[in-house]
Structures are given as structure tokens and as C-alpha cells.
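Enquirer: Let me begin by handing over the structure; questions about it come next.
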Amino acid sequence: MKTDKTKFDPEVYEFYKAALEGNGFAASFSAEDIPRMREAEITGHAAHLDPYEVYEKTDLTIPRGSAGDLPVRIYIPEGAADAAGQVPVILYFHGGGFIMGSIEDHDPLCGKLADAACAIVIAAEYRLAPENPFPACIEDAVCLAEWAHENAATYGGDPELIMAAGDSSGATISAALALLARDGKAPAISGLILLYGVFGCISLEESESARLYGQGEYILPVDAIKKMMNLYIPAGTDSDDMRLYPGKAADLSGMPPAIVVTAEFDPLRDDGEHFAHRLNESGGMAKLIRMDGMMHGFALYWQRFTKAKTMMDLIGSIIKGWVS
């Protein structure tokens, strides 16, 4: 297999050259392999990420009832402590297909978001499947939102200006949290930043982007998506549960303004864009940004891809506009 390199942003092609000119992307999802995959993801990302330091960074745990404490990392931009509780707060949920990912491998991304948006970012080490399947991560998201609403002012944040953000599975969690907040089942969410998530607006079988870019040569194979979702979703779960697939909610009215980012060569592209359209058709305000030449997961490498860095700065500018 050899992929036409002229399709890609040149920086993306060089970064993934070995896989793009080799046998593509593949992964095992057996129970014994998942711990190894998690560790490999952290070390693999770390090899390509530069440390990024915000003005202040704090690790702590917050109470989560019978599930034990929830680890979080708080990113505080310069000046937040002196802003008398007027700084927006962004709850960040990392990607990783609901089975992988961590605060650590998303650390530079969260730090950049805090500075670009002049916001306090709180990243959650939410519970992962298959040990903790759906809806554990959603419960953790609600827990974090409740804690942030009660404690944001301690760090200079505005408890009435809490947003939710995430990449991939984290975008799905963020959208589900916003739906619960709309329905009075979580504290209010003032904005959404959704990077290439799974929303369930259209199936993988219906999606042209899944057909074109989901065969293993574009970083995220469709069979990998299905395997991860099978590990995440317990047998007997209602597939129309809006916490599982926010795009299947019968009514999307009343949702907060959203930034929805998709990647040209991502099998999840069409689903994300359908979700943005549904938000707008329901009276919302969703700004759709398709990143040409990019593949799933590109935002993690904003230090390597010029377009990704530009996108992060744009997101920051939009958020500043929301709160001005």
C-alpha cells in the first residue's frame, strides 16, 4: 500500500510517512494487550511532544463517591488569580477511544488551550473501559462539572462560565455533558469545543468519509472504532441513549455555542459535520472547521503541524469572543 502524499498537508505526511508508505495502521484490542497499548500511547506521544508550561499547573483529586477520587490537572493562565473570578473555565476530556488516553499525553494540548483562550482548563483522568464501561466516564464528567461549579472561583474562574472540550472520545463526552446540563442533570455548560468526536448522527456504514478513509491507511481504521466501542458499551445498552451518542438526541435545541472541528482524512469527519449541522438546524450556533490535509488526532501535535497550531489559536480567539 502506498498513499498519495499530495493529498496530505506536507507536515502530516512527513510525520506519518513510515505508516503511510508501509502497511498502514493497525492495533490489537485483546484484554491482555490494552495495558500495553495504553503505555505505548503515552510513550509514543511523549516522543513527539515538547513540554509546555503554563503560568501555573496543579494536580489534585476530587471526591467521586463510591468510585473513589477523580484525578484532575488544573491549568491556570497568567493573571487568572487576579481576575476576581472572571476567567472562563474549560473542562477537558482527553481522547483515546474510551479505552486509552490520559492527562499526561494531552498535557501540552491542554496547556496551549489555557493560554490561547485565556481560560482555566481542568483536565480529567476519567475512568476507562473495559474496566469501567459506559456510563462511567459520563458520570465522571458530571462529577467534574459539579466540582468546578463549586470550586472554580478558588482559582480565579467564573463558576457561571464553564465550558466543555475534548478530542475524539473526549468530544463525545463533552457533548453528552452539555445535553445533560441542558436537561438540568448537570451544571450549565456555556460552550463546547469538539475535536473530531463520535456523535452517532450517521452510522459508519452510511458515512462516505468512513468508506474512503477507514480502511487502515488513515490512522483510524473503522474496525478499530468498532472494537473500541464494543469494549466501551455494555451488552444490552440502548444504542439511542443520547449520553452514548449525542447526535441521536431527538432534540438538540438549547445547546450552547459550539466549535466543531473535523479532519479531511478522518473516517469520523462526516459524523462530526452532520452533528454541527444538526446543532445549527436546532437553533444553535455551531462553527464548523474542517482541517484540510489532516487526519484523526492531529490536534495533539499542534507543536508539529503549523495548521494545528493556527487552529488552536483560532479556537482561543473564538472563546474570547464568546466571553467578551
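Here, A, B, ... name the chains of the C-alpha cells in the order displayed, residue numbers run from 1 inside each chain, and ligands are numbered from 1 in the same displayed order.
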Could you give me, as a PyMOL selection string, the residues within 8 Å of range 175-186 of chain A, counting only C-alpha atoms and dropping anything in the same chain fewer than 3 positions from it?
Expert: chain A and resi 138+141-142+145-146+164+171-172+189+192+194+242-246+252+254-256
Enquirer: Can you pull out every residue within 12 Å of Leu161 in chain A, counting only C-alpha atoms, but drop anything in the same chain fewer than 6 positions away, and send it as a compact mmCIF listing (two decimals) with N, CA, C and O atoms, in the first residue's frame?
Expert:
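Output file selection_10.txt follows:
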```txt
# COMPACT_ATOMS: atom_id res chain seq x y z
N GLY A 85 -12.40 36.02 39.77
CA GLY A 85 -13.38 35.02 39.37
C GLY A 85 -14.05 35.28 38.05
O GLY A 85 -15.18 34.83 37.82
N GLN A 86 -13.38 35.99 37.14
CA GLN A 86 -13.99 36.34 35.86
C GLN A 86 -13.44 35.52 34.68
O GLN A 86 -13.82 35.75 33.54
N VAL A 87 -12.56 34.56 34.96
CA VAL A 87 -11.93 33.80 33.89
C VAL A 87 -12.79 32.60 33.52
O VAL A 87 -13.27 31.88 34.41
N PRO A 88 -13.03 32.34 32.23
CA PRO A 88 -13.80 31.15 31.86
C PRO A 88 -13.07 29.87 32.25
O PRO A 88 -11.85 29.83 32.37
N VAL A 89 -13.84 28.83 32.45
CA VAL A 89 -13.32 27.52 32.84
C VAL A 89 -13.66 26.52 31.74
O VAL A 89 -14.81 26.46 31.28
N ILE A 90 -12.67 25.74 31.32
CA ILE A 90 -12.89 24.72 30.30
C ILE A 90 -12.59 23.36 30.91
O ILE A 90 -11.47 23.10 31.34
N LEU A 91 -13.59 22.50 30.95
CA LEU A 91 -13.40 21.12 31.38
C LEU A 91 -12.92 20.33 30.18
O LEU A 91 -13.57 20.33 29.13
N ALA A 119 -8.13 30.94 29.57
CA ALA A 119 -9.12 30.21 30.36
C ALA A 119 -8.42 29.24 31.30
O ALA A 119 -7.31 28.77 31.02
N ILE A 120 -9.08 28.93 32.39
CA ILE A 120 -8.62 27.87 33.27
C ILE A 120 -9.10 26.55 32.68
O ILE A 120 -10.30 26.37 32.42
N ALA A 145 -18.00 18.62 36.50
CA ALA A 145 -18.75 19.85 36.29
C ALA A 145 -19.30 20.38 37.62
O ALA A 145 -19.28 21.59 37.88
N ALA A 148 -16.35 21.80 39.61
CA ALA A 148 -15.89 23.07 39.03
C ALA A 148 -16.86 24.20 39.36
O ALA A 148 -16.45 25.32 39.64
N HIS A 149 -18.14 23.90 39.31
CA HIS A 149 -19.14 24.94 39.62
C HIS A 149 -18.96 25.43 41.06
O HIS A 149 -19.12 26.63 41.33
N ALA A 152 -14.52 26.68 41.16
CA ALA A 152 -13.80 27.44 40.13
C ALA A 152 -13.29 28.78 40.64
O ALA A 152 -12.17 29.21 40.30
N ALA A 153 -14.07 29.44 41.46
CA ALA A 153 -13.69 30.78 41.93
C ALA A 153 -12.39 30.76 42.74
O ALA A 153 -11.66 31.75 42.77
N PRO A 187 -24.48 20.87 35.99
CA PRO A 187 -24.35 22.33 35.95
C PRO A 187 -24.29 22.85 34.51
O PRO A 187 -23.85 22.13 33.59
N ALA A 188 -24.72 24.08 34.32
CA ALA A 188 -24.81 24.66 32.98
C ALA A 188 -23.46 24.65 32.28
O ALA A 188 -22.42 24.92 32.88
N ILE A 189 -23.49 24.35 30.99
CA ILE A 189 -22.31 24.39 30.12
C ILE A 189 -22.50 25.55 29.15
O ILE A 189 -23.50 25.62 28.44
N SER A 190 -21.52 26.47 29.12
CA SER A 190 -21.65 27.71 28.35
C SER A 190 -21.10 27.63 26.93
O SER A 190 -21.35 28.53 26.13
N GLY A 191 -20.34 26.60 26.63
CA GLY A 191 -19.75 26.47 25.31
C GLY A 191 -19.14 25.10 25.13
O GLY A 191 -18.83 24.40 26.11
N LEU A 192 -18.96 24.69 23.88
CA LEU A 192 -18.40 23.38 23.55
C LEU A 192 -17.26 23.53 22.56
O LEU A 192 -17.38 24.30 21.59
N PRO A 256 -25.41 24.85 23.96
CA PRO A 256 -24.57 26.06 23.97
C PRO A 256 -23.85 26.24 22.64
O PRO A 256 -23.80 25.31 21.81
N ILE A 319 -13.30 31.60 21.61
CA ILE A 319 -13.72 31.54 23.00
C ILE A 319 -13.67 32.93 23.64
O ILE A 319 -14.59 33.32 24.38
N LYS A 320 -12.63 33.67 23.37
CA LYS A 320 -12.53 35.03 23.89
C LYS A 320 -13.72 35.87 23.41
O LYS A 320 -14.26 36.70 24.17
N TRP A 322 -16.70 34.71 22.71
CA TRP A 322 -17.89 34.26 23.44
C TRP A 322 -18.03 34.96 24.79
O TRP A 322 -19.16 35.23 25.23
N VAL A 323 -16.90 35.21 25.45
CA VAL A 323 -16.98 35.71 26.83
C VAL A 323 -16.78 37.23 26.94
O VAL A 323 -16.89 37.79 28.02
N SER A 324 -16.51 37.89 25.81
CA SER A 324 -16.25 39.33 25.87
C SER A 324 -17.56 40.12 26.03
O SER A 324 -18.63 39.63 25.73
```
Enquirer: Using only C-alpha atoms, determine which residues lie at most 12 Å from Gly111 in chain A, disregarding the query and same-chain residues fewer than 4 positions distant; provide the list as an NGL selection string.
Expert: :A and (50-58 or 73-78 or 90 or 92 or 103-107 or 115-123 or 300 or 302-303 or 312 or 316)
Enquirer: Identify, on the basis of only C-alpha atoms, every residue whose closest approach to Lys7 in chain A does not exceed 10 Å; exclude the query and any residue fewer than 4 positions from it along the same chain; express the result as a PyMOL selection string.
Expert: chain A and resi 3+13+264-265+292-294
Enquirer: Of the residues A:Ile34, A:Ala210, A:Leu109, A:Leu144, which is the one nearest to Leu70 in chain A, using only C-alpha atoms?
Expert: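 Going through A:Ile34, A:Ala210, A:Leu109, A:Leu144 one by one, the smallest distance to Leu70 in chain A is for A:Leu144.
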Enquirer: As an MDAnalysis selection string, please: all residues of range 108-217 of chain A that backbone DSSP puts in alpha helix (DSSP H).
Expert: chainID A and resid 108:117 136:151 169:182 208:213
Enquirer: Taking only C-alpha atoms into account, which of A:Met311, A:Cys201, A:Ala250, A:Val261 comes nearest Phe275 in chain A?
Expert: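 Counting only C-alpha atoms, the residue closest to Phe275 in chain A is A:Cys201.
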Enquirer: For Phe93 in chain A, please output as an MDAnalysis selection string all residues within 6 Å (counting only C-alpha atoms; exclusion window: fewer than 3 positions along the same chain).
Expert: chainID A and resid 124 166 170
Enquirer: Write the residues of the preceding selection, restricted to N, CA, C and O atoms, as a JSON list (two decimals), in the first residue's frame.
Expert:
```
[["chain", "number", "residue", "atom", "x", "y", "z"],
["A", 124, "ALA", "N", -9.52, 15.96, 33.09],
["A", 124, "ALA", "CA", -9.96, 14.86, 33.95],
["A", 124, "ALA", "C", -9.34, 13.53, 33.53],
["A", 124, "ALA", "O", -9.29, 13.20, 32.34],
["A", 166, "GLY", "N", -13.06, 18.54, 24.28],
["A", 166, "GLY", "CA", -12.40, 17.24, 24.20],
["A", 166, "GLY", "C", -12.10, 16.88, 22.78],
["A", 166, "GLY", "O", -12.65, 17.45, 21.83],
["A", 170, "GLY", "N", -13.27, 12.19, 23.91],
["A", 170, "GLY", "CA", -13.49, 13.31, 24.82],
["A", 170, "GLY", "C", -14.49, 14.31, 24.29],
["A", 170, "GLY", "O", -15.21, 14.96, 25.06]]
```
Enquirer: Near range 221-224 of chain A, within 10 Å and counting only C-alpha atoms, which residues show up once chain neighbours fewer than 3 positions away are dropped, as a PyMOL selection string?
Expert: chain A and resi 24-29+97+204-205+210-211+213-218+227-230+266-268
Enquirer: Just want the 10 Å neighbourhood of Phe134 in chain A, counted on only C-alpha atoms, with same-chain residues fewer than 3 positions away dropped. Output as a list in words.
Expert: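 Residues meeting the cut-off are Phe98, Arg127, Leu128, Ala129, Pro130, Glu131, Cys137, Ile138, Glu139, Met229, Leu231, Tyr232, Ile233, Pro234, Thr237, Arg243 and Leu244 of chain A.
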Enquirer: Considering only C-alpha atoms, can you say which of A:Trp147, A:Ser253, A:Thr262, A:His45 comes closest to Asn280 in chain A?
Expert: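 Checking each candidate against Asn280 in chain A, we get A:Ser253 as the closest.
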Enquirer: Between A:Ile162, A:Cys143, A:Ala299, A:Ile259, which is the closest to Pro71 in chain A once you count only C-alpha atoms?
Expert: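 Counting only C-alpha atoms, the residue closest to Pro71 in chain A is A:Cys143.
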